[in-house]
file start06.txt (compact mmCIF, C-alpha atoms and all ligand atoms)
# COMPACT_ATOMS: atom_id res chain seq x y z
CA MET A 1 0.00 0.00 0.00
CA SER A 2 1.08 3.58 -0.50
CA ALA A 3 2.30 5.79 2.34
CA ALA A 4 -0.30 8.47 1.56
CA PRO A 5 -1.86 10.03 4.69
CA ASP A 6 -5.19 8.63 5.92
CA PRO A 7 -8.10 10.78 4.72
CA LYS A 8 -10.09 12.72 7.30
CA VAL A 9 -13.60 11.43 8.11
CA TYR A 10 -16.04 14.16 9.16
CA GLY A 11 -19.11 12.08 10.19
CA TRP A 12 -21.51 14.84 9.14
CA CYS A 13 -22.66 16.40 5.90
CA PRO A 14 -22.70 20.11 5.09
CA GLY A 15 -26.02 21.92 4.90
CA ALA A 16 -26.98 25.43 3.89
CA LEU A 17 -26.98 26.70 7.48
CA ARG A 18 -23.96 24.59 8.47
CA PRO A 19 -21.59 24.78 5.48
CA MET A 20 -18.26 22.97 5.24
CA MET A 21 -14.96 24.61 4.28
CA SER A 22 -13.29 23.09 1.24
CA GLY A 23 -10.23 23.92 -0.85
CA ASP A 24 -12.17 26.37 -3.02
CA GLY A 25 -14.35 28.05 -0.38
CA LEU A 26 -17.47 26.99 1.50
CA VAL A 27 -19.59 24.10 0.30
CA VAL A 28 -23.27 24.92 0.84
CA ARG A 29 -25.69 22.03 0.40
CA ILE A 30 -29.33 22.75 -0.41
CA ARG A 31 -31.88 20.16 0.68
CA ALA A 32 -34.68 21.02 -1.78
CA PRO A 33 -38.14 20.01 -0.49
CA LEU A 34 -39.09 16.69 -2.16
CA GLY A 35 -35.85 16.97 -4.15
CA ARG A 36 -37.50 19.37 -6.59
CA PHE A 37 -36.78 22.89 -7.82
CA SER A 38 -39.43 24.93 -9.60
CA PRO A 39 -38.01 26.78 -12.62
CA GLU A 40 -37.97 30.00 -10.56
CA GLN A 41 -36.13 28.34 -7.68
CA ALA A 42 -33.57 26.72 -9.99
CA GLN A 43 -32.90 29.95 -11.84
CA GLY A 44 -32.62 31.79 -8.52
CA VAL A 45 -30.09 29.22 -7.26
CA ALA A 46 -28.10 29.63 -10.48
CA ARG A 47 -27.97 33.42 -9.97
CA LEU A 48 -26.94 33.07 -6.31
CA SER A 49 -24.23 30.59 -7.23
CA GLN A 50 -22.74 33.11 -9.67
CA GLN A 51 -23.12 35.99 -7.22
CA PHE A 52 -21.69 34.35 -4.09
CA GLY A 53 -19.74 31.33 -5.35
CA ASN A 54 -17.81 30.02 -8.32
CA GLY A 55 -20.89 29.23 -10.43
CA LEU A 56 -20.47 25.46 -10.13
CA LEU A 57 -23.18 23.18 -8.77
CA ASP A 58 -22.71 19.57 -7.65
CA LEU A 59 -25.35 16.90 -7.32
CA SER A 60 -24.61 14.83 -4.21
CA ALA A 61 -25.06 11.08 -3.82
CA ARG A 62 -28.10 11.85 -1.64
CA ALA A 63 -29.77 14.01 -4.29
CA ASN A 64 -28.90 17.36 -2.73
CA LEU A 65 -27.50 20.30 -4.64
CA GLN A 66 -24.15 21.71 -3.54
CA MET A 67 -23.02 25.22 -4.29
CA ARG A 68 -19.23 25.45 -4.39
CA GLY A 69 -16.68 28.18 -3.86
CA ILE A 70 -18.91 30.29 -1.59
CA ARG A 71 -16.99 33.17 -0.03
CA GLU A 72 -17.31 33.25 3.77
CA GLU A 73 -18.36 36.89 3.80
CA GLY A 74 -21.10 36.10 1.28
CA HIS A 75 -22.72 33.27 3.27
CA ALA A 76 -25.29 35.43 5.08
CA GLY A 77 -26.40 37.07 1.83
CA LEU A 78 -26.66 33.68 0.16
CA ILE A 79 -28.84 32.29 2.96
CA GLU A 80 -31.13 35.30 2.68
CA GLY A 81 -31.45 34.68 -1.07
CA LEU A 82 -32.20 30.99 -0.50
CA ARG A 83 -34.76 31.90 2.17
CA VAL A 84 -36.63 34.10 -0.30
CA LEU A 85 -36.71 31.11 -2.67
CA GLY A 86 -38.15 28.86 0.09
CA LEU A 87 -35.07 26.65 0.17
CA VAL A 88 -33.81 27.00 3.76
CA ASP A 89 -35.05 25.43 7.00
CA ASP A 90 -35.71 27.48 10.12
CA ASP A 91 -32.61 26.18 11.90
CA ALA A 92 -29.62 23.88 11.35
CA GLY A 93 -31.15 21.11 13.52
CA ALA A 94 -34.28 20.88 11.38
CA GLU A 95 -32.15 20.98 8.24
CA ALA A 96 -30.02 18.06 9.47
CA ARG A 97 -33.02 15.95 10.55
CA ARG A 98 -34.94 16.48 7.29
CA ASN A 99 -32.62 14.09 5.47
CA VAL A 100 -35.24 12.52 3.20
CA LEU A 101 -34.29 11.04 -0.15
CA VAL A 102 -37.29 10.82 -2.48
CA ALA A 103 -37.44 8.46 -5.49
CA PRO A 104 -37.68 11.00 -8.33
CA PHE A 105 -40.44 9.35 -10.37
CA TRP A 106 -43.33 10.43 -8.12
CA SER A 107 -46.56 12.02 -9.32
CA GLU A 108 -48.51 14.73 -7.54
CA GLY A 109 -50.60 13.11 -4.76
CA ASP A 110 -49.21 9.57 -5.07
CA GLU A 111 -47.92 7.62 -2.07
CA THR A 112 -44.28 8.65 -2.49
CA HIS A 113 -45.31 12.31 -2.66
CA ARG A 114 -47.69 12.17 0.31
CA ILE A 115 -45.36 10.16 2.55
CA ALA A 116 -42.33 12.32 1.70
CA GLU A 117 -44.26 15.47 2.60
CA ALA A 118 -45.59 14.00 5.85
CA LEU A 119 -42.17 12.64 6.84
CA SER A 120 -40.39 15.95 6.08
CA LEU A 121 -42.89 17.83 8.25
CA ALA A 122 -42.64 15.28 11.06
CA LEU A 123 -38.83 15.37 11.06
CA THR A 124 -38.78 19.16 11.04
CA ALA A 125 -40.97 19.16 14.15
CA ALA A 126 -39.14 16.31 15.95
CA THR A 127 -36.80 18.46 18.04
CA ASP A 128 -36.38 15.61 20.56
CA LEU A 129 -34.91 13.27 17.95
CA LYS A 130 -31.09 13.25 18.09
CA LEU A 131 -29.81 11.33 15.08
CA PRO A 132 -26.24 10.94 13.80
CA GLY A 133 -25.21 13.47 11.15
CA LYS A 134 -25.48 11.16 8.15
CA PHE A 135 -28.64 9.31 9.23
CA GLY A 136 -31.18 9.43 6.42
CA PHE A 137 -34.57 8.22 5.17
CA ALA A 138 -35.56 6.97 1.69
CA VAL A 139 -39.13 7.21 0.38
CA ASP A 140 -39.27 4.83 -2.54
CA CYS A 141 -42.88 3.71 -3.05
CA GLY A 142 -43.14 3.29 -6.84
CA THR A 143 -44.11 -0.05 -8.38
CA VAL A 144 -40.60 -1.34 -7.66
CA PRO A 145 -37.95 0.20 -5.40
CA VAL A 146 -35.26 2.19 -7.26
CA LEU A 147 -33.16 3.37 -4.32
CA LEU A 148 -31.97 0.06 -2.88
CA ASP A 149 -28.37 0.78 -3.88
CA ILE A 150 -28.41 4.23 -2.29
CA ALA A 151 -27.42 4.70 1.34
CA ALA A 152 -30.38 5.29 3.68
CA ASP A 153 -31.02 4.14 7.26
CA ILE A 154 -34.80 3.88 7.18
CA ARG A 155 -36.64 2.94 4.01
CA ILE A 156 -40.29 3.16 3.04
CA GLU A 157 -40.81 1.05 -0.05
CA ARG A 158 -43.17 -1.47 -1.58
CA ASN A 159 -43.29 -5.26 -1.54
CA SER A 160 -45.82 -7.47 -3.32
CA ASP A 161 -48.45 -6.84 -0.58
CA GLY A 162 -48.19 -3.08 -0.09
CA LEU A 163 -46.04 -0.49 1.64
CA LEU A 164 -43.23 -1.59 3.91
CA LEU A 165 -41.14 0.30 6.47
CA ARG A 166 -37.70 -1.28 6.71
CA ALA A 167 -34.56 -0.76 8.76
CA ASP A 168 -31.59 -0.69 6.39
CA GLY A 169 -29.79 -4.02 6.41
CA ALA A 170 -32.88 -6.01 7.46
CA ASP A 171 -34.54 -8.42 5.01
CA THR A 172 -37.95 -7.81 6.51
CA GLY A 173 -40.03 -4.79 7.46
CA LEU A 174 -43.28 -3.53 8.97
CA PRO A 175 -46.42 -3.16 6.81
CA VAL A 176 -47.57 0.49 6.79
CA THR A 177 -49.99 2.68 4.87
CA ALA A 178 -49.51 6.12 3.35
CA GLU A 179 -51.20 7.52 6.48
CA THR A 180 -49.10 5.63 9.06
CA ALA A 181 -45.69 5.52 7.34
CA ALA A 182 -44.22 8.82 8.57
CA LYS A 183 -45.14 8.20 12.23
CA ALA A 184 -43.82 4.64 12.05
CA ALA A 185 -40.56 5.90 10.50
CA LEU A 186 -40.02 8.27 13.41
CA GLU A 187 -40.75 5.47 15.88
CA LEU A 188 -38.11 3.34 14.16
CA ALA A 189 -35.63 6.24 14.36
CA HIS A 190 -36.30 6.52 18.12
CA TRP A 191 -35.89 2.74 18.42
CA PHE A 192 -32.47 3.04 16.74
CA VAL A 193 -31.31 5.61 19.28
CA ASP A 194 -32.93 3.92 22.29
CA THR A 195 -31.37 0.53 21.50
CA GLY A 196 -27.85 1.96 21.30
CA GLY A 197 -27.50 2.46 17.55
CA ALA A 198 -25.58 5.71 17.94
CA PRO A 199 -23.17 5.57 20.87
CA GLU A 200 -21.41 8.95 21.13
CA GLY A 201 -23.75 10.30 18.45
CA ARG A 202 -22.33 8.21 15.60
CA GLY A 203 -23.62 5.05 13.94
CA ARG A 204 -25.69 3.73 11.06
CA MET A 205 -28.72 1.46 10.97
CA LYS A 206 -27.11 -1.18 8.77
CA ALA A 207 -24.30 -1.77 11.29
CA HIS A 208 -26.81 -1.78 14.16
CA VAL A 209 -28.87 -4.49 12.45
CA ALA A 210 -25.72 -6.43 11.48
CA ARG A 211 -24.74 -6.59 15.16
CA GLY A 212 -27.83 -8.77 15.66
CA THR A 213 -30.01 -6.19 17.42
CA PRO A 214 -33.53 -7.73 17.43
CA LEU A 215 -35.92 -5.73 15.22
CA PRO A 216 -39.03 -4.17 16.77
CA ALA A 217 -42.23 -6.27 16.82
CA GLY A 218 -44.03 -6.57 13.49
CA HIS A 219 -40.97 -6.16 11.25
CA ASP A 220 -41.56 -9.57 9.70
CA ARG A 221 -42.65 -9.03 6.08
CA ARG A 222 -40.21 -9.83 3.30
CA ALA A 223 -38.74 -6.94 1.29
CA LEU A 224 -38.65 -7.02 -2.50
CA PRO A 225 -35.12 -7.36 -3.90
CA HIS A 226 -34.75 -5.35 -7.08
CA ASP A 227 -31.90 -4.11 -9.25
CA TYR A 228 -32.30 -0.72 -10.84
CA ALA A 229 -29.78 0.92 -13.16
CA PRO A 230 -30.81 4.39 -14.34
CA ILE A 231 -29.81 5.46 -17.84
CA PRO A 232 -29.98 8.99 -19.24
CA GLY A 233 -32.78 9.73 -21.69
CA PRO A 234 -36.58 9.54 -21.69
CA THR A 235 -38.57 7.99 -18.81
CA PRO A 236 -42.35 8.04 -18.22
CA SER A 237 -41.78 10.93 -15.75
CA GLY A 238 -39.53 13.08 -17.94
CA ILE A 239 -36.01 13.08 -19.34
CA LEU A 240 -33.02 12.03 -17.23
CA ALA A 241 -30.03 14.30 -17.88
CA ALA A 242 -26.70 12.98 -16.60
CA LEU A 243 -24.08 15.46 -15.43
CA GLU A 244 -20.35 15.08 -16.08
CA PHE A 245 -18.96 14.07 -12.65
CA GLY A 246 -22.29 15.13 -11.18
CA GLN A 247 -21.43 18.78 -11.76
CA ILE A 248 -23.08 21.50 -13.83
CA ASP A 249 -22.38 25.18 -14.34
CA ALA A 250 -25.01 27.67 -13.22
CA GLU A 251 -25.77 28.80 -16.76
CA SER A 252 -26.58 25.25 -17.94
CA PHE A 253 -28.63 24.61 -14.78
CA ALA A 254 -30.74 27.69 -15.48
CA LEU A 255 -31.08 26.67 -19.12
CA LEU A 256 -32.42 23.22 -18.17
CA ALA A 257 -34.84 24.83 -15.71
CA GLY A 258 -36.17 26.89 -18.61
CA HIS A 259 -37.71 23.65 -19.92
CA ALA A 260 -39.29 22.28 -16.74
CA PRO A 261 -39.05 21.90 -12.97
CA LEU A 262 -35.92 19.94 -12.05
CA ARG A 263 -35.93 16.90 -9.79
CA LEU A 264 -32.68 15.82 -8.16
CA THR A 265 -31.67 12.17 -8.21
CA PRO A 266 -28.92 10.28 -6.32
CA TRP A 267 -27.50 9.04 -9.65
CA ARG A 268 -25.80 12.31 -10.64
CA MET A 269 -28.68 12.96 -12.99
CA LEU A 270 -31.44 15.56 -13.10
CA LEU A 271 -34.96 14.62 -14.09
CA LEU A 272 -36.57 17.24 -16.31
CA GLU A 273 -40.09 16.84 -14.97
CA GLY A 274 -42.66 15.88 -17.62
CA VAL A 275 -40.42 16.69 -20.60
CA SER A 276 -40.81 14.29 -23.53
CA THR A 277 -39.10 16.17 -26.35
CA SER A 278 -35.33 16.26 -26.79
CA VAL A 279 -33.35 19.01 -25.10
CA THR A 280 -29.94 20.41 -26.05
CA CYS A 281 -27.59 21.56 -23.31
CA THR A 282 -23.80 21.24 -23.43
CA GLY A 283 -23.65 20.82 -19.64
CA ALA A 284 -25.80 17.65 -19.67
CA ILE A 285 -25.51 14.15 -21.15
CA PHE A 286 -28.58 12.53 -22.71
CA ASP A 287 -26.85 9.69 -24.60
CA ALA A 288 -26.33 6.47 -22.61
CA ALA A 289 -23.30 5.62 -24.80
CA ASP A 290 -21.38 8.79 -23.90
CA PRO A 291 -17.89 7.68 -22.69
CA ARG A 292 -18.01 10.20 -19.84
CA LEU A 293 -20.58 7.96 -18.17
CA ARG A 294 -17.93 5.27 -17.78
CA VAL A 295 -15.76 7.33 -15.43
CA THR A 296 -16.28 8.79 -11.98
CA ALA A 297 -13.93 11.16 -10.21
CA CYS A 298 -14.14 13.21 -7.04
CA THR A 299 -13.43 16.93 -6.85
CA GLY A 300 -9.70 16.27 -6.42
CA ALA A 301 -7.13 19.07 -6.26
CA PRO A 302 -7.37 21.98 -5.90
CA GLY A 303 -11.05 21.91 -4.78
CA CYS A 304 -10.60 19.37 -1.97
CA PRO A 305 -8.00 20.10 0.73
CA GLN A 306 -7.37 16.37 1.20
CA ALA A 307 -6.65 15.69 -2.46
CA LEU A 308 -3.18 14.52 -3.35
CA SER A 309 -3.68 15.19 -7.08
CA SER A 310 -6.15 16.54 -9.60
CA THR A 311 -8.47 13.83 -10.89
CA ARG A 312 -11.09 14.89 -13.40
CA GLN A 313 -9.04 15.78 -16.44
CA LEU A 314 -7.23 12.44 -16.20
CA ALA A 315 -10.57 10.63 -15.93
CA LEU A 316 -11.92 12.49 -18.97
CA ASP A 317 -8.81 11.76 -21.01
CA LEU A 318 -8.89 8.05 -20.10
CA ALA A 319 -12.65 7.78 -20.71
CA GLN A 320 -12.04 7.95 -24.45
CA MET A 321 -9.48 5.15 -24.31
CA LEU A 322 -11.05 2.60 -21.95
CA PRO A 323 -11.31 -0.86 -23.50
CA GLY A 324 -14.66 -2.69 -23.88
CA ASP A 325 -17.15 -1.73 -21.22
CA ALA A 326 -14.51 -1.01 -18.55
CA LYS A 327 -15.43 1.47 -15.83
CA LEU A 328 -12.92 3.67 -14.07
CA HIS A 329 -12.95 5.59 -10.79
CA VAL A 330 -10.26 8.23 -10.23
CA SER A 331 -9.93 9.31 -6.59
CA GLY A 332 -7.92 12.17 -5.12
CA CYS A 333 -7.22 10.12 -1.98
CA ALA A 334 -8.09 6.79 -0.36
CA LYS A 335 -11.43 8.07 0.94
CA GLY A 336 -13.07 7.40 -2.43
CA CYS A 337 -15.91 9.92 -2.02
CA ALA A 338 -17.10 9.72 -5.63
CA HIS A 339 -17.53 5.93 -5.56
CA PRO A 340 -17.32 4.36 -2.10
CA ALA A 341 -18.24 0.88 -3.48
CA PRO A 342 -15.74 -1.32 -5.35
CA ALA A 343 -15.14 -0.43 -9.02
CA PRO A 344 -13.60 -2.57 -11.79
CA LEU A 345 -10.71 -0.07 -12.07
CA THR A 346 -9.72 2.57 -9.52
CA LEU A 347 -6.84 5.02 -9.63
CA THR A 348 -6.10 6.43 -6.17
CA ALA A 349 -3.78 9.43 -5.94
CA THR A 350 -0.76 9.00 -3.69
CA ALA A 351 1.04 12.18 -4.79
CA ARG A 352 0.66 14.82 -7.46
CA ASP A 353 -0.07 13.08 -10.81
CA THR A 354 0.84 9.74 -9.22
CA PHE A 355 -1.67 6.95 -8.68
CA ASP A 356 -2.07 3.43 -7.38
CA LEU A 357 -4.22 1.11 -9.49
CA ILE A 358 -6.78 -1.07 -7.70
CA ARG A 359 -8.72 -3.71 -9.60
CA ASN A 360 -12.20 -4.73 -8.41
CA GLY A 361 -11.85 -2.85 -5.17
CA THR A 362 -12.34 0.48 -3.47
CA ALA A 363 -9.98 3.44 -3.43
CA ALA A 364 -8.56 2.20 -0.12
CA ASP A 365 -7.96 -1.42 -1.17
CA ARG A 366 -4.64 -3.11 -1.92
CA PRO A 367 -3.26 -1.92 -5.26
CA ALA A 368 -2.34 -4.17 -8.17
CA LYS A 369 0.16 -1.52 -9.33
CA THR A 370 1.71 1.46 -7.61
CA ASP A 371 3.25 4.79 -8.63
CA LEU A 372 1.61 5.09 -12.04
CA ASN A 373 2.28 8.47 -13.58
CA ALA A 374 -0.69 10.36 -15.08
CA PHE A 375 1.22 11.18 -18.26
CA ALA A 376 2.27 7.55 -18.71
CA LEU A 377 -1.36 6.46 -18.24
CA ARG A 378 -2.49 8.84 -20.97
CA ARG A 379 0.23 7.62 -23.29
CA THR A 380 -0.30 3.92 -22.48
CA PRO A 381 -3.83 3.32 -21.17
CA ASP A 382 -3.18 -0.44 -21.44
CA LEU A 383 -1.40 0.02 -18.09
CA LEU A 384 -4.88 -0.06 -16.58
CA THR A 385 -5.80 -3.51 -17.84
CA GLN A 386 -2.56 -5.37 -18.53
CA ASP A 387 -0.20 -6.85 -15.93
S1 LIG B 401 -11.85 11.23 -2.19
FE1 LIG B 401 -11.56 13.13 -3.29
S2 LIG B 401 -13.15 14.53 -2.55
FE2 LIG B 401 -13.01 12.83 -1.08
S3 LIG B 401 -11.58 13.56 0.49
FE3 LIG B 401 -10.37 12.42 -1.02
S4 LIG B 401 -9.66 13.93 -2.48
FE4 LIG B 401 -11.32 14.86 -1.31
call {"tool": "encode", "arguments": {"input": "start06.txt", "output": "structure tokens"}}
result
Amino acid sequence: MSAAPDPKVYGWCPGALRPMMSGDGLVVRIRAPLGRFSPEQAQGVARLSQQFGNGLLDLSARANLQMRGIREEGHAGLIEGLRVLGLVDDDAGAEARRNVLVAPFWSEGDETHRIAEALSLALTAATDLKLPGKFGFAVDCGTVPVLLDIAADIRIERNSDGLLLRADGADTGLPVTAETAAKAALELAHWFVDTGGAPEGRGRMKAHVARGTPLPAGHDRRALPHDYAPIPGPTPSGILAALEFGQIDAESFALLAGHAPLRLTPWRMLLLEGVSTSVTCTGAIFDAADPRLRVTACTGAPGCPQALSSTRQLALDLAQMLPGDAKLHVSGCAKGCAHPAPAPLTLTATARDTFDLIRNGTAADRPAKTDLNAFALRRTPDLLTQD
């Protein structure tokens, strides 16, 4: 293994009211209600991002929108602007608790929509609920679940009999209805805390269940296993637009919002609500065969203070040259933020323009090759696949 320093683990996520300092200024994360921006909200966010930040917007793995490069002295003005747009909670506690990921294919008044609204309201009001910083909920009540691969601690989904409330990591859950789901979800969150799921304020449901903690009574109905792989392009709910590395410039974001309300997804894609005709926007990818979809890369240097090298240009250059259907993750350090799960090929920076190669592993796993130079990789991409 390389001698690169261990990455720092924060244990909490930035919000709008509690931003996080990064290499290029503050990161401000907006938790849009129901994961949706009206065209006016999206265009307002685009303007604020240009006024107070560097005009770049990131889509997080929990379907939140991050504004980057926010100047510290501009934070108060930004929050005021977001408040006018209806995009800020009353306080940082409510913002942190209202960590609800909503499957993006909902329709007005359906179960996903109603439960997500009820749960968001209940969490905002639950001032007695002290959850770990990353603890989150997924509302995923379409015909089949689409968020099973996305991190969430408490899930409301559907099995063959109806709606099911499930602790992450458990194979079984509690039958609920659209009317009872939000209350039952809060009870399960209290159960997690009361049964020792978060000693010292940290912990996740999956680990708590894996330790053999007996589930509450009634959590005995089988969940529905289901694989879902989103692809950019038309869906019955609108067009999915993928973003290069999950990032879009403010101008392109405003342009897309000129077509429709925008729904955020955890797949680094935006759903253009209800749009069925083709859309042109250089900042978005609508073609599933686009080579940029075969690479992931974190912010890297200089945007992330922990990065040991830049990442994205190398990933873009290599995307064109990857053999077959190979997929590549380029990480600025061993933390692997952009792709925490194993990837077929991972390049982990150990120094400037120097990478370890990991095959079928995560950014922190044992490398198959060490000290690969970025220029050599561009010249000889076979280094990725040949011994
Ligand atoms: S993986 Fe990338 S974004 Fe995450 S801490 Fe390391 S360098 Fe920063």
call {"tool": "axis_aligned_box", "arguments": {"input": "start06.txt", "around": "ligand LIG 401 (chain B)", "padding_each_side": "8 Å", "output": "lines of an AutoDock Vina configuration file"}}
result
center_x = -11.4
center_y = 13.0
center_z = -1.4
size_x = 19.5
size_y = 19.6
size_z = 19.8
call {"tool": "residues_near_ligand", "arguments": {"input": "start06.txt", "ligand": "ligand LIG 401 (chain B)", "cutoff": "7 Å", "atoms": "only C-alpha atoms and all ligand atoms", "output": "PyMOL selection string"}}
result
chain A and resi 7+298-301+304-308+331-338
call {"tool": "write_last_selection", "arguments": {"input": "start06.txt", "atoms": "C-alpha atoms", "output": "short mmCIF file (atom, residue, chain, number, x, y, z; two decimals), keeping the file's coordinate frame"}}
result
data_model
loop_
_atom_site.label_atom_id
_atom_site.label_comp_id
_atom_site.auth_asym_id
_atom_site.auth_seq_id
_atom_site.Cartn_x
_atom_site.Cartn_y
_atom_site.Cartn_z
CA PRO A 7 -8.10 10.78 4.72
CA CYS A 298 -14.14 13.21 -7.04
CA THR A 299 -13.43 16.93 -6.85
CA GLY A 300 -9.70 16.27 -6.42
CA ALA A 301 -7.13 19.07 -6.26
CA CYS A 304 -10.60 19.37 -1.97
CA PRO A 305 -8.00 20.10 0.73
CA GLN A 306 -7.37 16.37 1.20
CA ALA A 307 -6.65 15.69 -2.46
CA LEU A 308 -3.18 14.52 -3.35
CA SER A 331 -9.93 9.31 -6.59
CA GLY A 332 -7.92 12.17 -5.12
CA CYS A 333 -7.22 10.12 -1.98
CA ALA A 334 -8.09 6.79 -0.36
CA LYS A 335 -11.43 8.07 0.94
CA GLY A 336 -13.07 7.40 -2.43
CA CYS A 337 -15.91 9.92 -2.02
CA ALA A 338 -17.10 9.72 -5.63
#
call {"tool": "closest_residue", "arguments": {"input": "start06.txt", "among": "A:Met20, A:Leu322, A:Ala178, A:Ile150", "to": "A:Leu164", "atoms": "all atoms listed in the file"}}
result
A:Ala178
call {"tool": "residues_around", "arguments": {"input": "start06.txt", "residues": "A:Ile79", "least_positions_apart": "4", "cutoff": "10 Å", "atoms": "all atoms listed in the file", "output": "PyMOL selection string"}}
result
chain A and resi 16-17+28+48+74-75+83-85+87-88
call {"tool": "closest_residue", "arguments": {"input": "start06.txt", "among": "A:Leu271, A:Leu56, A:Val139, A:Val176", "to": "A:Pro236", "atoms": "all atoms listed in the file"}}
result
A:Leu271
call {"tool": "closest_residue", "arguments": {"input": "start06.txt", "among": "A:Gly25, A:Asp365, A:Ser60, A:Gly197", "to": "A:Ala210", "atoms": "all atoms listed in the file"}}
result
A:Gly197
call {"tool": "residues_near_point", "arguments": {"input": "start06.txt", "point": "(-34.8, 2.2, 14.1)", "cutoff": "9 Å", "atoms": "only C-alpha atoms", "output": "list in words"}}
result
Asp153, Ile154, Arg166, Ala167, Asp168, Ala185, Leu186, Glu187, Leu188, Ala189, His190, Trp191, Phe192, Val193, Asp194, Thr195, Gly197, Met205, His208, Leu215 and Pro216 of chain A
call {"tool": "residues_around", "arguments": {"input": "start06.txt", "residues": "A:Gly69", "least_positions_apart": "6", "cutoff": "9 Å", "atoms": "all atoms listed in the file", "output": "number ranges by chain"}}
result
A: 22-28, 49, 52-56, 303
call {"tool": "closest_residue", "arguments": {"input": "start06.txt", "among": "A:Pro39, A:Met21, A:Ala288, A:Thr180", "to": "A:Glu72", "atoms": "only C-alpha atoms"}}
result
A:Met21
call {"tool": "closest_residue", "arguments": {"input": "start06.txt", "among": "A:Arg204, A:Asp356, A:Pro232, A:Gly274", "to": "A:Ser309", "atoms": "only C-alpha atoms"}}
result
A:Asp356
call {"tool": "residues_around", "arguments": {"input": "start06.txt", "residues": "A:Thr362", "least_positions_apart": "5", "cutoff": "10 Å", "atoms": "all atoms listed in the file", "output": "tab-separated table (two decimals) with C-alpha atoms, keeping the file's coordinate frame"}}
result
chain	number	residue	atom	x	y	z
A	329	HIS	CA	-12.95	5.59	-10.79
A	331	SER	CA	-9.93	9.31	-6.59
A	334	ALA	CA	-8.09	6.79	-0.36
A	335	LYS	CA	-11.43	8.07	0.94
A	336	GLY	CA	-13.07	7.40	-2.43
A	339	HIS	CA	-17.53	5.93	-5.56
A	340	PRO	CA	-17.32	4.36	-2.10
A	341	ALA	CA	-18.24	0.88	-3.48
A	342	PRO	CA	-15.74	-1.32	-5.35
A	343	ALA	CA	-15.14	-0.43	-9.02
A	344	PRO	CA	-13.60	-2.57	-11.79
A	345	LEU	CA	-10.71	-0.07	-12.07
A	346	THR	CA	-9.72	2.57	-9.52
A	347	LEU	CA	-6.84	5.02	-9.63
A	348	THR	CA	-6.10	6.43	-6.17
A	367	PRO	CA	-3.26	-1.92	-5.26
call {"tool": "closest_residue", "arguments": {"input": "start06.txt", "among": "A:Ala242, A:Ala315, A:Ala42, A:Leu148", "to": "A:Leu65", "atoms": "only C-alpha atoms"}}
result
A:Ala42
call {"tool": "atom_distance", "arguments": {"input": "start06.txt", "atom1": "atom CA of A:Ala96", "atom2": "atom CA of A:Lys130"}}
result
9.9 Å
call {"tool": "atom_distance", "arguments": {"input": "start06.txt", "atom1": "atom CA of A:Asp140", "atom2": "atom CA of A:Leu293"}}
result
24.6 Å
call {"tool": "residues_around", "arguments": {"input": "start06.txt", "residues": "A:Leu256", "least_positions_apart": "4", "cutoff": "8 Å", "atoms": "all atoms listed in the file", "output": "PyMOL selection string"}}
result
chain A and resi 252+260+262+272+281
call {"tool": "write_last_selection", "arguments": {"input": "start06.txt", "atoms": "C-alpha atoms", "output": "PDB file, keeping the file's coordinate frame"}}
result
ATOM      1  CA  SER A 252     -26.580  25.250 -17.940  1.00  0.00           C
ATOM      2  CA  ALA A 260     -39.290  22.280 -16.740  1.00  0.00           C
ATOM      3  CA  LEU A 262     -35.920  19.940 -12.050  1.00  0.00           C
ATOM      4  CA  LEU A 272     -36.570  17.240 -16.310  1.00  0.00           C
ATOM      5  CA  CYS A 281     -27.590  21.560 -23.310  1.00  0.00           C
TER       6      CYS A 281
END
call {"tool": "atom_distance", "arguments": {"input": "start06.txt", "atom1": "atom CA of A:Asn99", "atom2": "atom CA of A:Arg29"}}
result
11.7 Å
call {"tool": "residues_near_point", "arguments": {"input": "start06.txt", "point": "(-36.1, -5.5, -9.7)", "cutoff": "9 Å", "atoms": "only C-alpha atoms", "output": "PyMOL selection string"}}
result
chain A and resi 144-146+224-228
call {"tool": "residues_around", "arguments": {"input": "start06.txt", "residues": "A:Asp58", "least_positions_apart": "5", "cutoff": "6 Å", "atoms": "only C-alpha atoms", "output": "PyMOL selection string"}}
result
chain A and resi 65-66+246-247
